[in-house]
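Chemist: Okay, so here is final-v5.txt, and as you'll see once you scroll down, it has compact mmCIF, C-alpha atoms.
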# COMPACT_ATOMS: atom_id res chain seq x y z
CA PHE A 1 51.42 -173.05 85.36
CA ARG A 2 51.18 -176.01 87.70
CA ASP A 3 48.06 -178.05 86.92
CA CYS A 4 46.33 -175.59 84.62
CA TRP A 5 45.12 -178.29 82.28
CA GLU A 6 43.95 -181.84 82.76
CA ASP A 7 46.43 -182.92 80.11
CA LYS A 8 49.68 -183.43 82.06
CA ASP A 9 51.81 -183.31 78.93
CA LEU A 10 50.39 -179.91 78.01
CA THR A 11 51.01 -178.63 81.52
CA THR A 12 54.60 -179.89 81.43
CA LEU A 13 55.21 -178.22 78.07
CA ALA A 14 53.73 -174.92 79.30
CA ASN A 15 55.97 -174.98 82.35
CA GLN A 16 59.05 -175.70 80.23
CA LEU A 17 58.24 -172.83 77.88
CA GLY A 18 57.62 -170.55 80.85
CA ASP A 19 60.97 -171.43 82.41
CA TYR A 20 62.72 -170.85 79.08
CA ALA A 21 61.03 -167.46 78.64
CA ARG A 22 62.00 -166.36 82.16
CA LYS A 23 65.59 -167.38 81.55
CA GLN A 24 65.73 -165.52 78.23
CA TYR A 25 64.17 -162.43 79.78
CA GLN A 26 66.64 -162.43 82.68
CA GLU A 27 69.62 -162.84 80.37
CA LEU A 28 68.41 -159.97 78.20
CA THR A 29 67.80 -157.58 81.09
CA ASP A 30 71.12 -158.50 82.72
CA SER A 31 72.94 -157.71 79.46
CA VAL A 32 71.70 -154.10 79.40
CA GLU A 33 73.15 -151.29 81.51
CA LEU A 34 70.87 -148.37 82.42
CA LYS A 35 71.80 -145.05 83.99
CA THR A 36 69.63 -142.07 84.88
CA ILE A 37 70.64 -138.42 84.59
CA VAL A 38 68.70 -135.92 86.70
CA HIS A 39 69.91 -132.53 85.47
CA GLU A 40 68.51 -129.78 87.68
CA ASP A 41 70.55 -126.80 86.47
CA TYR A 42 67.90 -125.77 83.93
CA GLY A 43 65.07 -127.10 81.79
CA LYS A 44 62.77 -126.18 78.95
CA GLN A 45 61.85 -122.84 80.55
CA PHE A 46 65.41 -121.61 80.02
CA MET A 47 65.50 -123.05 76.47
CA LYS A 48 62.28 -121.27 75.54
CA LYS A 49 63.56 -117.97 76.95
CA ALA A 50 66.59 -118.44 74.73
CA ARG A 51 64.19 -118.93 71.79
CA VAL A 52 65.31 -122.48 71.04
CA SER A 53 62.98 -125.45 70.61
CA PRO A 54 63.51 -127.58 73.74
CA ASP A 55 63.31 -130.87 71.85
CA ALA A 56 65.69 -129.66 69.14
CA PHE A 57 68.07 -128.40 71.83
CA MET A 58 68.10 -131.80 73.54
CA GLN A 59 68.69 -133.54 70.22
CA LEU A 60 71.74 -131.32 69.68
CA VAL A 61 72.96 -132.21 73.19
CA LEU A 62 72.74 -135.89 72.25
CA GLN A 63 74.46 -135.31 68.91
CA LEU A 64 77.35 -133.52 70.59
CA ALA A 65 77.65 -136.25 73.24
CA ALA A 66 77.68 -138.98 70.58
CA TYR A 67 80.22 -137.08 68.47
CA ARG A 68 82.56 -136.80 71.42
CA CYS A 69 82.07 -140.44 72.38
CA PHE A 70 82.64 -141.96 68.95
CA GLY A 71 84.62 -139.28 67.12
CA LYS A 72 81.89 -138.98 64.48
CA GLN A 73 78.15 -138.67 64.13
CA ILE A 74 76.18 -141.91 64.19
CA ALA A 75 72.78 -142.73 62.68
CA THR A 76 70.17 -141.29 65.03
CA TYR A 77 66.49 -142.11 65.33
CA GLU A 78 64.03 -139.75 67.01
CA ALA A 79 60.47 -141.01 67.26
CA THR A 80 57.86 -138.45 66.19
CA GLN A 81 54.08 -138.70 66.27
CA THR A 82 51.79 -138.88 63.20
CA ARG A 83 48.56 -139.52 65.09
CA GLN A 84 46.77 -136.71 63.24
CA PHE A 85 46.63 -139.03 60.21
CA VAL A 86 44.26 -141.99 59.93
CA HIS A 87 46.11 -145.04 61.31
CA GLY A 88 49.12 -142.79 61.89
CA ARG A 89 51.50 -143.75 64.65
CA THR A 90 55.14 -142.69 64.33
CA GLU A 91 57.70 -141.40 61.87
CA THR A 92 61.45 -141.03 62.08
CA ALA A 93 63.16 -137.69 62.55
CA ARG A 94 66.76 -138.08 61.41
CA THR A 95 68.85 -135.83 63.63
CA VAL A 96 72.08 -136.25 61.67
CA SER A 97 72.24 -133.52 59.03
CA MET A 98 74.68 -131.08 57.48
CA ASP A 99 73.48 -128.51 60.03
CA THR A 100 74.09 -130.69 63.09
CA LYS A 101 77.39 -131.77 61.55
CA ALA A 102 78.52 -128.15 61.30
CA PHE A 103 77.52 -127.53 64.92
CA VAL A 104 79.21 -130.54 66.54
CA GLU A 105 82.40 -130.07 64.53
CA ALA A 106 82.56 -126.42 65.58
CA MET A 107 82.11 -127.48 69.22
CA GLY A 108 85.01 -129.90 68.81
CA PRO A 109 85.85 -133.39 70.10
CA LYS A 110 86.43 -132.14 73.66
CA ALA A 111 84.68 -129.61 75.88
CA MET A 112 86.32 -126.18 75.66
CA SER A 113 83.95 -124.22 77.89
CA GLY A 114 85.33 -120.84 78.96
CA SER A 115 88.29 -120.89 76.58
CA ASP A 116 86.61 -119.33 73.52
CA ASP A 117 86.87 -115.70 72.53
CA THR A 118 83.75 -113.67 71.75
CA ASP A 119 83.84 -114.33 68.01
CA ALA A 120 84.16 -118.09 68.50
CA LYS A 121 81.24 -118.15 70.92
CA GLU A 122 79.09 -116.12 68.55
CA GLU A 123 79.85 -118.51 65.69
CA LYS A 124 79.03 -121.57 67.80
CA LEU A 125 75.81 -119.95 69.01
CA LYS A 126 74.86 -119.14 65.42
CA LEU A 127 75.42 -122.75 64.37
CA LEU A 128 73.49 -124.01 67.41
CA ARG A 129 70.48 -121.87 66.55
CA HIS A 130 70.62 -122.76 62.87
CA ALA A 131 70.86 -126.51 63.58
CA ALA A 132 68.02 -126.34 66.13
CA GLU A 133 65.76 -124.42 63.74
CA ALA A 134 66.54 -126.83 60.89
CA HIS A 135 65.80 -129.87 63.04
CA HIS A 136 62.56 -128.35 64.33
CA GLU A 137 61.44 -127.62 60.78
CA TYR A 138 62.39 -131.14 59.65
CA THR A 139 60.46 -132.67 62.53
CA GLN A 140 57.40 -130.56 61.82
CA ASN A 141 57.44 -131.59 58.17
CA ALA A 142 57.91 -135.27 59.01
CA CYS A 143 55.19 -135.21 61.65
CA ASN A 144 52.59 -132.57 60.80
CA ASN A 145 52.90 -132.64 57.03
CA GLY A 146 53.52 -136.34 56.54
CA LEU A 147 56.78 -135.79 54.67
CA GLY A 148 58.95 -138.25 56.57
CA VAL A 149 60.85 -140.80 54.47
CA ASP A 150 61.36 -143.83 56.69
CA ARG A 151 57.80 -145.16 56.74
CA HIS A 152 57.80 -144.76 52.96
CA PHE A 153 60.99 -146.84 52.77
CA LEU A 154 59.35 -149.41 55.05
CA GLY A 155 56.34 -149.61 52.74
CA LEU A 156 58.55 -150.09 49.70
CA SER A 157 60.44 -152.91 51.40
CA LEU A 158 57.23 -154.66 52.44
CA VAL A 159 55.60 -154.67 48.98
CA ARG A 160 58.59 -156.47 47.46
CA ARG A 161 57.70 -160.05 46.61
CA GLU A 162 59.91 -162.82 47.96
CA ASP A 163 60.95 -163.81 44.44
CA GLU A 164 61.95 -160.24 43.53
CA GLU A 165 65.52 -159.03 43.74
CA THR A 166 66.25 -156.47 46.42
CA SER A 167 66.35 -152.92 45.10
CA ASP A 168 69.77 -151.29 44.71
CA LEU A 169 68.62 -148.67 47.21
CA PHE A 170 68.23 -151.19 50.02
CA LYS A 171 71.63 -152.72 49.24
CA ASP A 172 73.49 -149.42 49.17
CA PRO A 173 76.11 -149.29 51.99
CA VAL A 174 75.24 -145.68 52.82
CA PHE A 175 71.53 -146.51 53.08
CA ILE A 176 72.27 -149.52 55.28
CA ARG A 177 74.52 -147.47 57.56
CA SER A 178 71.94 -144.69 57.79
CA LYS A 179 69.35 -147.20 59.03
CA HIS A 180 71.62 -148.81 61.64
CA TRP A 181 70.29 -146.75 64.53
CA ARG A 182 73.23 -146.65 66.91
CA LEU A 183 71.52 -143.81 68.76
CA SER A 184 67.79 -144.37 69.32
CA THR A 185 66.01 -141.50 71.09
CA SER A 186 62.55 -140.46 72.17
CA GLY A 187 61.09 -137.61 74.18
CA LEU A 188 58.68 -139.22 76.66
CA PRO A 189 56.32 -137.55 79.16
CA SER A 190 57.06 -140.12 81.85
CA CYS A 191 60.62 -140.79 80.62
CA LEU A 192 60.55 -144.56 80.80
CA GLY A 193 63.85 -146.03 79.76
CA PHE A 194 64.25 -148.42 76.85
CA GLY A 195 67.04 -150.54 75.48
CA PRO A 196 69.26 -149.96 72.44
CA VAL A 197 67.80 -151.15 69.14
CA VAL A 198 71.12 -152.48 67.75
CA GLU A 199 73.90 -154.45 69.44
CA ASP A 200 76.40 -151.57 69.34
CA GLY A 201 73.87 -148.85 70.08
CA ILE A 202 72.60 -146.54 72.80
CA GLY A 203 68.99 -145.93 73.81
CA VAL A 204 68.01 -142.54 75.27
CA GLY A 205 64.61 -141.64 76.67
CA TYR A 206 64.28 -138.08 77.93
CA SER A 207 61.72 -135.84 79.59
CA LEU A 208 62.04 -132.06 79.68
CA HIS A 209 60.51 -130.22 82.62
CA SER A 210 60.34 -126.52 83.41
CA ASN A 211 63.58 -126.41 85.39
CA SER A 212 65.11 -129.84 84.90
CA CYS A 213 65.95 -132.52 82.36
CA LEU A 214 65.58 -136.25 83.03
CA LEU A 215 67.33 -138.82 80.83
CA HIS A 216 67.56 -142.61 80.85
CA VAL A 217 70.58 -143.93 78.94
CA SER A 218 71.03 -147.61 78.09
CA SER A 219 73.44 -149.84 76.21
CA ARG A 220 74.72 -153.40 76.30
CA ARG A 221 77.08 -153.82 79.26
CA GLU A 222 79.82 -155.31 77.11
CA ASN A 223 80.12 -152.06 75.13
CA LYS A 224 80.77 -149.89 78.20
CA TYR A 225 79.19 -146.85 76.53
CA VAL A 226 76.84 -145.64 79.25
CA ASP A 227 79.18 -143.85 81.69
CA LYS A 228 81.13 -142.08 78.94
CA PHE A 229 77.98 -141.03 77.10
CA CYS A 230 76.35 -139.71 80.28
CA ASP A 231 79.46 -137.69 81.14
CA GLU A 232 79.41 -136.15 77.67
CA VAL A 233 75.69 -135.34 77.95
CA ILE A 234 76.23 -133.50 81.24
CA SER A 235 79.20 -131.63 79.74
CA ALA A 236 77.23 -130.70 76.62
CA LEU A 237 74.29 -129.43 78.69
CA ALA A 238 76.61 -127.10 80.60
CA GLU A 239 78.59 -125.96 77.57
CA MET A 240 75.52 -125.25 75.44
CA LYS A 241 73.88 -123.33 78.27
CA GLY A 242 77.00 -121.17 78.39
CA LEU A 243 76.61 -120.39 74.69
CA LEU A 244 73.00 -119.28 75.15
CA GLU A 245 73.94 -117.17 78.17
CA SER A 246 76.62 -115.42 76.12
CA ASN A 247 73.75 -113.73 74.30
CA GLU A 248 72.69 -110.65 76.29
CA GLU A 249 69.07 -111.14 75.23
CA VAL A 250 68.79 -114.42 77.15
CA ILE A 251 67.17 -114.01 80.56
CA VAL A 252 69.13 -116.18 82.95
CA GLN A 253 67.15 -118.11 85.57
As a first step, turn the structure in this file into structure tokens.
Modeler:
Amino acid sequence: FRDCWEDKDLTTLANQLGDYARKQYQELTDSVELKTIVHEDYGKQFMKKARVSPDAFMQLVLQLAAYRCFGKQIATYEATQTRQFVHGRTETARTVSMDTKAFVEAMGPKAMSGSDDTDAKEEKLKLLRHAAEAHHEYTQNACNNGLGVDRHFLGLSLVRREDEETSDLFKDPVFIRSKHWRLSTSGLPSCLGFGPVVEDGIGVGYSLHSNSCLLHVSSRRENKYVDKFCDEVISALAEMKGLLESNEEVIVQ
């Protein structure tokens, strides 16, 4: 700030705070690893021809990648828009469900592309479609119909007075685990990357184009999640395309 004010003490304090902020910012950015995936094999045009919601398809890709990285599903946040409501901004679409669970477990902990018989492929394709349709419906209800739950939970937590005991709901281990967003995701037109929202989490921004998919994956460097997760995303994109192509009705690009 140099000599922004006549008061030298104020100028000195401003400079000290500025130096501290720069140091904190640099430490934070240095602690986060970011990797970009430019997948040019196919994009939303292929997904639409296969009659699958592109966003739901990508969410299933991320669920399968996370399942194979961690050996289980992890709490997942997808930002959805509620701008059609007065003062509306966002709501949470929870991608983890019984339907996505059935799909990722059927796909297995490791890629098995090309080794399935016809019946196995048909079953996996059926589960893929069912999970995608269920997620699309859930997202539409949360967004268009205002039936999401997380902003309601937020409102309940904010109206609690400081002298009131925390509700049993907010102390429940399952509730706490379900809100620890280890996988934070958002479909973005310009696909700007963003950091993870928890220390042991992954942040994924993605943009779906006609014939390509662009993803930015981030995590804290100390966790070493990024390379493994990106490898699993690329594998899932290829494997799930193979399932859709196993259906004769799908028009291949």
Chemist: When distances are computed from all atoms listed in the file, which of A:Leu62, A:Met47, A:Leu158, A:Ala21 shows the smallest separation from Gly242 (chain A)?
Modeler: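 Ranking A:Leu62, A:Met47, A:Leu158, A:Ala21 by distance to Gly242 (chain A), first place goes to A:Met47.
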Chemist: Find the residues near region 194-202 of chain A: any atom within 6 Å, counting only C-alpha atoms, skip ones fewer than 4 places away on the same chain, and give them as an MDAnalysis selection string.
Modeler: chainID A and resid 182:183 218:219
Chemist: Do you know which residues lie at most 9 Å from (71.8, -138.2, 81.8), with coordinates as in the file and only C-alpha atoms counted, and could you write them as a PDB file with C-alpha atoms, in the frame of the given file?
Modeler:
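Final file, selection25.pdb:
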ATOM      1  CA  LYS A  35      71.800-145.050  83.990  1.00  0.00           C
ATOM      2  CA  THR A  36      69.630-142.070  84.880  1.00  0.00           C
ATOM      3  CA  ILE A  37      70.640-138.420  84.590  1.00  0.00           C
ATOM      4  CA  VAL A  38      68.700-135.920  86.700  1.00  0.00           C
ATOM      5  CA  HIS A  39      69.910-132.530  85.470  1.00  0.00           C
ATOM      6  CA  VAL A 204      68.010-142.540  75.270  1.00  0.00           C
ATOM      7  CA  TYR A 206      64.280-138.080  77.930  1.00  0.00           C
ATOM      8  CA  CYS A 213      65.950-132.520  82.360  1.00  0.00           C
ATOM      9  CA  LEU A 214      65.580-136.250  83.030  1.00  0.00           C
ATOM     10  CA  LEU A 215      67.330-138.820  80.830  1.00  0.00           C
ATOM     11  CA  HIS A 216      67.560-142.610  80.850  1.00  0.00           C
ATOM     12  CA  VAL A 217      70.580-143.930  78.940  1.00  0.00           C
ATOM     13  CA  PHE A 229      77.980-141.030  77.100  1.00  0.00           C
ATOM     14  CA  CYS A 230      76.350-139.710  80.280  1.00  0.00           C
ATOM     15  CA  ASP A 231      79.460-137.690  81.140  1.00  0.00           C
ATOM     16  CA  GLU A 232      79.410-136.150  77.670  1.00  0.00           C
ATOM     17  CA  VAL A 233      75.690-135.340  77.950  1.00  0.00           C
ATOM     18  CA  ILE A 234      76.230-133.500  81.240  1.00  0.00           C
TER      19      ILE A 234
END
Chemist: Which residue is closest to Thr139 (chain A)? Choose from A:Ala79, A:Leu192, A:Leu237, A:Ala111 and count all atoms listed in the file.
Modeler: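 For Thr139 (chain A), the nearest of the given residues is A:Ala79.
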Chemist: Set the distance at 7 Å and use all atoms listed in the file: which residues neighbour Glu78 (chain A) once local chain neighbours fewer than 5 positions away are removed? I'd like the list as a list of chain:residue names.
Modeler: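 Selected residues are A:Thr92, A:Ala93, A:Arg94, A:Ser184, A:Thr185, A:Ser186.
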Chemist: Take the residues from that selection and write them out as a PDB file, keeping the file's coordinate frame, keeping C-alpha atoms.
Modeler:
ATOM      1  CA  THR A  92      61.450-141.030  62.080  1.00  0.00           C
ATOM      2  CA  ALA A  93      63.160-137.690  62.550  1.00  0.00           C
ATOM      3  CA  ARG A  94      66.760-138.080  61.410  1.00  0.00           C
ATOM      4  CA  SER A 184      67.790-144.370  69.320  1.00  0.00           C
ATOM      5  CA  THR A 185      66.010-141.500  71.090  1.00  0.00           C
ATOM      6  CA  SER A 186      62.550-140.460  72.170  1.00  0.00           C
TER       7      SER A 186
END
Chemist: Between CA of His136 (chain A) and CA of Ala56 (chain A), what is the distance, to one decimal in Å?
Modeler: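 These two atoms are separated by 5.9 Å.
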Chemist: Excluding Ser178 (chain A) and its own-chain neighbours fewer than 6 positions away, which residues fall within 9 Å of it when counting only C-alpha atoms? Please give them as number ranges by chain.
Modeler: A: 74-76
Chemist: Could you please give me, as an MDAnalysis selection string, the residues of protein, DNA or RNA lying at most 12 Å from (75.6, -122.8, 81.2) in the coordinate frame of the file, considering only C-alpha atoms?
Modeler: chainID A and resid 40:43 46:47 50 113:114 234:247 250 252:253
Chemist: Quick one: distance from CA of Asp227 (chain A) to CA of Ala66 (chain A) in Å, one decimal?
Modeler: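 Between CA of Asp227 (chain A) and CA of Ala66 (chain A) the gap is 12.2 Å.
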Chemist: CA of Val226 (chain A) and CA of Ala65 (chain A) are how many Å apart?
Modeler: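 Pair CA of Val226 (chain A) / CA of Ala65 (chain A) returns 11.2 Å.
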Chemist: Taking all atoms listed in the file into account, name the residue in A:Thr95, A:Asn141, A:Ser53, A:Gln81 that is nearest to Leu188 (chain A).
Modeler: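 Checking each candidate against Leu188 (chain A), we get A:Gln81 as the closest.
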Chemist: Find the residue from A:Leu28, A:Arg221, A:Arg160, A:Asn211 that sits nearest to Pro54 (chain A); use all atoms listed in the file when measuring.
Modeler: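 Looking at the shortest contact to Pro54 (chain A), the residue is A:Asn211.
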Chemist: Just need region 73-84 of chain A in a file, please: all heavy atoms, as a PDB file, in the first residue's frame.
Modeler:
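Saved as selection.pdb:
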ATOM      1  N   GLN A  73     -18.764 -45.691  -1.967  1.00  0.00           N
ATOM      2  CA  GLN A  73     -19.269 -44.387  -2.368  1.00  0.00           C
ATOM      3  C   GLN A  73     -19.007 -43.378  -1.258  1.00  0.00           C
ATOM      4  O   GLN A  73     -19.004 -43.728  -0.077  1.00  0.00           O
ATOM      5  CB  GLN A  73     -20.763 -44.448  -2.680  1.00  0.00           C
ATOM      6  CG  GLN A  73     -21.078 -45.155  -3.997  1.00  0.00           C
ATOM      7  CD  GLN A  73     -22.559 -45.101  -4.327  1.00  0.00           C
ATOM      8  OE1 GLN A  73     -23.346 -45.810  -3.710  1.00  0.00           O
ATOM      9  NE2 GLN A  73     -22.930 -44.266  -5.278  1.00  0.00           N
ATOM     10  N   ILE A  74     -18.781 -42.136  -1.653  1.00  0.00           N
ATOM     11  CA  ILE A  74     -18.535 -41.078  -0.681  1.00  0.00           C
ATOM     12  C   ILE A  74     -19.551 -39.957  -0.903  1.00  0.00           C
ATOM     13  O   ILE A  74     -20.060 -39.787  -2.018  1.00  0.00           O
ATOM     14  CB  ILE A  74     -17.102 -40.523  -0.801  1.00  0.00           C
ATOM     15  CG1 ILE A  74     -16.804 -40.070  -2.230  1.00  0.00           C
ATOM     16  CG2 ILE A  74     -16.086 -41.569  -0.351  1.00  0.00           C
ATOM     17  CD1 ILE A  74     -15.423 -39.455  -2.422  1.00  0.00           C
ATOM     18  N   ALA A  75     -19.856 -39.223   0.163  1.00  0.00           N
ATOM     19  CA  ALA A  75     -20.844 -38.150   0.079  1.00  0.00           C
ATOM     20  C   ALA A  75     -20.505 -37.207  -1.074  1.00  0.00           C
ATOM     21  O   ALA A  75     -19.388 -36.705  -1.166  1.00  0.00           O
ATOM     22  CB  ALA A  75     -20.893 -37.383   1.393  1.00  0.00           C
ATOM     23  N   THR A  76     -21.487 -36.986  -1.946  1.00  0.00           N
ATOM     24  CA  THR A  76     -21.260 -36.218  -3.164  1.00  0.00           C
ATOM     25  C   THR A  76     -22.238 -35.055  -3.265  1.00  0.00           C
ATOM     26  O   THR A  76     -23.438 -35.223  -3.089  1.00  0.00           O
ATOM     27  CB  THR A  76     -21.407 -37.113  -4.413  1.00  0.00           C
ATOM     28  OG1 THR A  76     -20.539 -38.239  -4.289  1.00  0.00           O
ATOM     29  CG2 THR A  76     -21.064 -36.341  -5.675  1.00  0.00           C
ATOM     30  N   TYR A  77     -21.678 -33.904  -3.572  1.00  0.00           N
ATOM     31  CA  TYR A  77     -22.452 -32.668  -3.720  1.00  0.00           C
ATOM     32  C   TYR A  77     -22.452 -32.272  -5.189  1.00  0.00           C
ATOM     33  O   TYR A  77     -21.388 -32.151  -5.798  1.00  0.00           O
ATOM     34  CB  TYR A  77     -21.793 -31.573  -2.874  1.00  0.00           C
ATOM     35  CG  TYR A  77     -22.423 -30.197  -2.943  1.00  0.00           C
ATOM     36  CD1 TYR A  77     -23.158 -29.696  -1.874  1.00  0.00           C
ATOM     37  CD2 TYR A  77     -22.252 -29.370  -4.051  1.00  0.00           C
ATOM     38  CE1 TYR A  77     -23.709 -28.418  -1.910  1.00  0.00           C
ATOM     39  CE2 TYR A  77     -22.799 -28.098  -4.104  1.00  0.00           C
ATOM     40  CZ  TYR A  77     -23.524 -27.634  -3.029  1.00  0.00           C
ATOM     41  OH  TYR A  77     -24.075 -26.375  -3.065  1.00  0.00           O
ATOM     42  N   GLU A  78     -23.633 -32.081  -5.759  1.00  0.00           N
ATOM     43  CA  GLU A  78     -23.735 -31.479  -7.092  1.00  0.00           C
ATOM     44  C   GLU A  78     -24.554 -30.205  -6.958  1.00  0.00           C
ATOM     45  O   GLU A  78     -25.689 -30.232  -6.490  1.00  0.00           O
ATOM     46  CB  GLU A  78     -24.408 -32.404  -8.108  1.00  0.00           C
ATOM     47  CG  GLU A  78     -24.503 -31.746  -9.474  1.00  0.00           C
ATOM     48  CD  GLU A  78     -25.318 -32.522 -10.499  1.00  0.00           C
ATOM     49  OE1 GLU A  78     -25.906 -33.552 -10.140  1.00  0.00           O
ATOM     50  OE2 GLU A  78     -25.372 -32.073 -11.660  1.00  0.00           O
ATOM     51  N   ALA A  79     -23.977 -29.093  -7.355  1.00  0.00           N
ATOM     52  CA  ALA A  79     -24.679 -27.817  -7.276  1.00  0.00           C
ATOM     53  C   ALA A  79     -25.739 -27.734  -8.373  1.00  0.00           C
ATOM     54  O   ALA A  79     -25.456 -28.000  -9.545  1.00  0.00           O
ATOM     55  CB  ALA A  79     -23.692 -26.662  -7.424  1.00  0.00           C
ATOM     56  N   THR A  80     -26.973 -27.402  -7.981  1.00  0.00           N
ATOM     57  CA  THR A  80     -28.051 -27.195  -8.944  1.00  0.00           C
ATOM     58  C   THR A  80     -28.629 -25.798  -8.743  1.00  0.00           C
ATOM     59  O   THR A  80     -28.528 -25.219  -7.664  1.00  0.00           O
ATOM     60  CB  THR A  80     -29.169 -28.240  -8.767  1.00  0.00           C
ATOM     61  OG1 THR A  80     -29.622 -28.222  -7.406  1.00  0.00           O
ATOM     62  CG2 THR A  80     -28.675 -29.628  -9.103  1.00  0.00           C
ATOM     63  N   GLN A  81     -29.247 -25.270  -9.785  1.00  0.00           N
ATOM     64  CA  GLN A  81     -29.739 -23.902  -9.760  1.00  0.00           C
ATOM     65  C   GLN A  81     -31.204 -23.834  -9.300  1.00  0.00           C
ATOM     66  O   GLN A  81     -32.024 -24.670  -9.674  1.00  0.00           O
ATOM     67  CB  GLN A  81     -29.637 -23.273 -11.147  1.00  0.00           C
ATOM     68  CG  GLN A  81     -28.217 -23.178 -11.680  1.00  0.00           C
ATOM     69  CD  GLN A  81     -27.366 -22.193 -10.898  1.00  0.00           C
ATOM     70  OE1 GLN A  81     -27.867 -21.217 -10.350  1.00  0.00           O
ATOM     71  NE2 GLN A  81     -26.068 -22.444 -10.852  1.00  0.00           N
ATOM     72  N   THR A  82     -31.529 -22.821  -8.502  1.00  0.00           N
ATOM     73  CA  THR A  82     -32.926 -22.561  -8.101  1.00  0.00           C
ATOM     74  C   THR A  82     -33.265 -21.092  -8.381  1.00  0.00           C
ATOM     75  O   THR A  82     -34.005 -20.459  -7.640  1.00  0.00           O
ATOM     76  CB  THR A  82     -33.139 -22.868  -6.607  1.00  0.00           C
ATOM     77  OG1 THR A  82     -32.220 -22.092  -5.823  1.00  0.00           O
ATOM     78  CG2 THR A  82     -32.922 -24.337  -6.308  1.00  0.00           C
ATOM     79  N   ARG A  83     -32.718 -20.557  -9.464  1.00  0.00           N
ATOM     80  CA  ARG A  83     -32.890 -19.141  -9.757  1.00  0.00           C
ATOM     81  C   ARG A  83     -34.312 -18.778 -10.168  1.00  0.00           C
ATOM     82  O   ARG A  83     -34.667 -17.608 -10.219  1.00  0.00           O
ATOM     83  CB  ARG A  83     -31.911 -18.718 -10.857  1.00  0.00           C
ATOM     84  CG  ARG A  83     -30.466 -18.667 -10.381  1.00  0.00           C
ATOM     85  CD  ARG A  83     -29.520 -18.249 -11.485  1.00  0.00           C
ATOM     86  NE  ARG A  83     -29.489 -19.253 -12.547  1.00  0.00           N
ATOM     87  CZ  ARG A  83     -28.695 -19.188 -13.615  1.00  0.00           C
ATOM     88  NH1 ARG A  83     -27.878 -18.143 -13.755  1.00  0.00           N
ATOM     89  NH2 ARG A  83     -28.706 -20.124 -14.531  1.00  0.00           N
ATOM     90  N   GLN A  84     -35.138 -19.793 -10.480  1.00  0.00           N
ATOM     91  CA  GLN A  84     -36.519 -19.486 -10.847  1.00  0.00           C
ATOM     92  C   GLN A  84     -37.358 -19.058  -9.640  1.00  0.00           C
ATOM     93  O   GLN A  84     -38.465 -18.547  -9.796  1.00  0.00           O
ATOM     94  CB  GLN A  84     -37.181 -20.682 -11.538  1.00  0.00           C
ATOM     95  CG  GLN A  84     -37.350 -21.914 -10.673  1.00  0.00           C
ATOM     96  CD  GLN A  84     -36.137 -22.818 -10.724  1.00  0.00           C
ATOM     97  OE1 GLN A  84     -35.010 -22.352 -10.820  1.00  0.00           O
ATOM     98  NE2 GLN A  84     -36.366 -24.118 -10.677  1.00  0.00           N
TER      99      GLN A  84
END
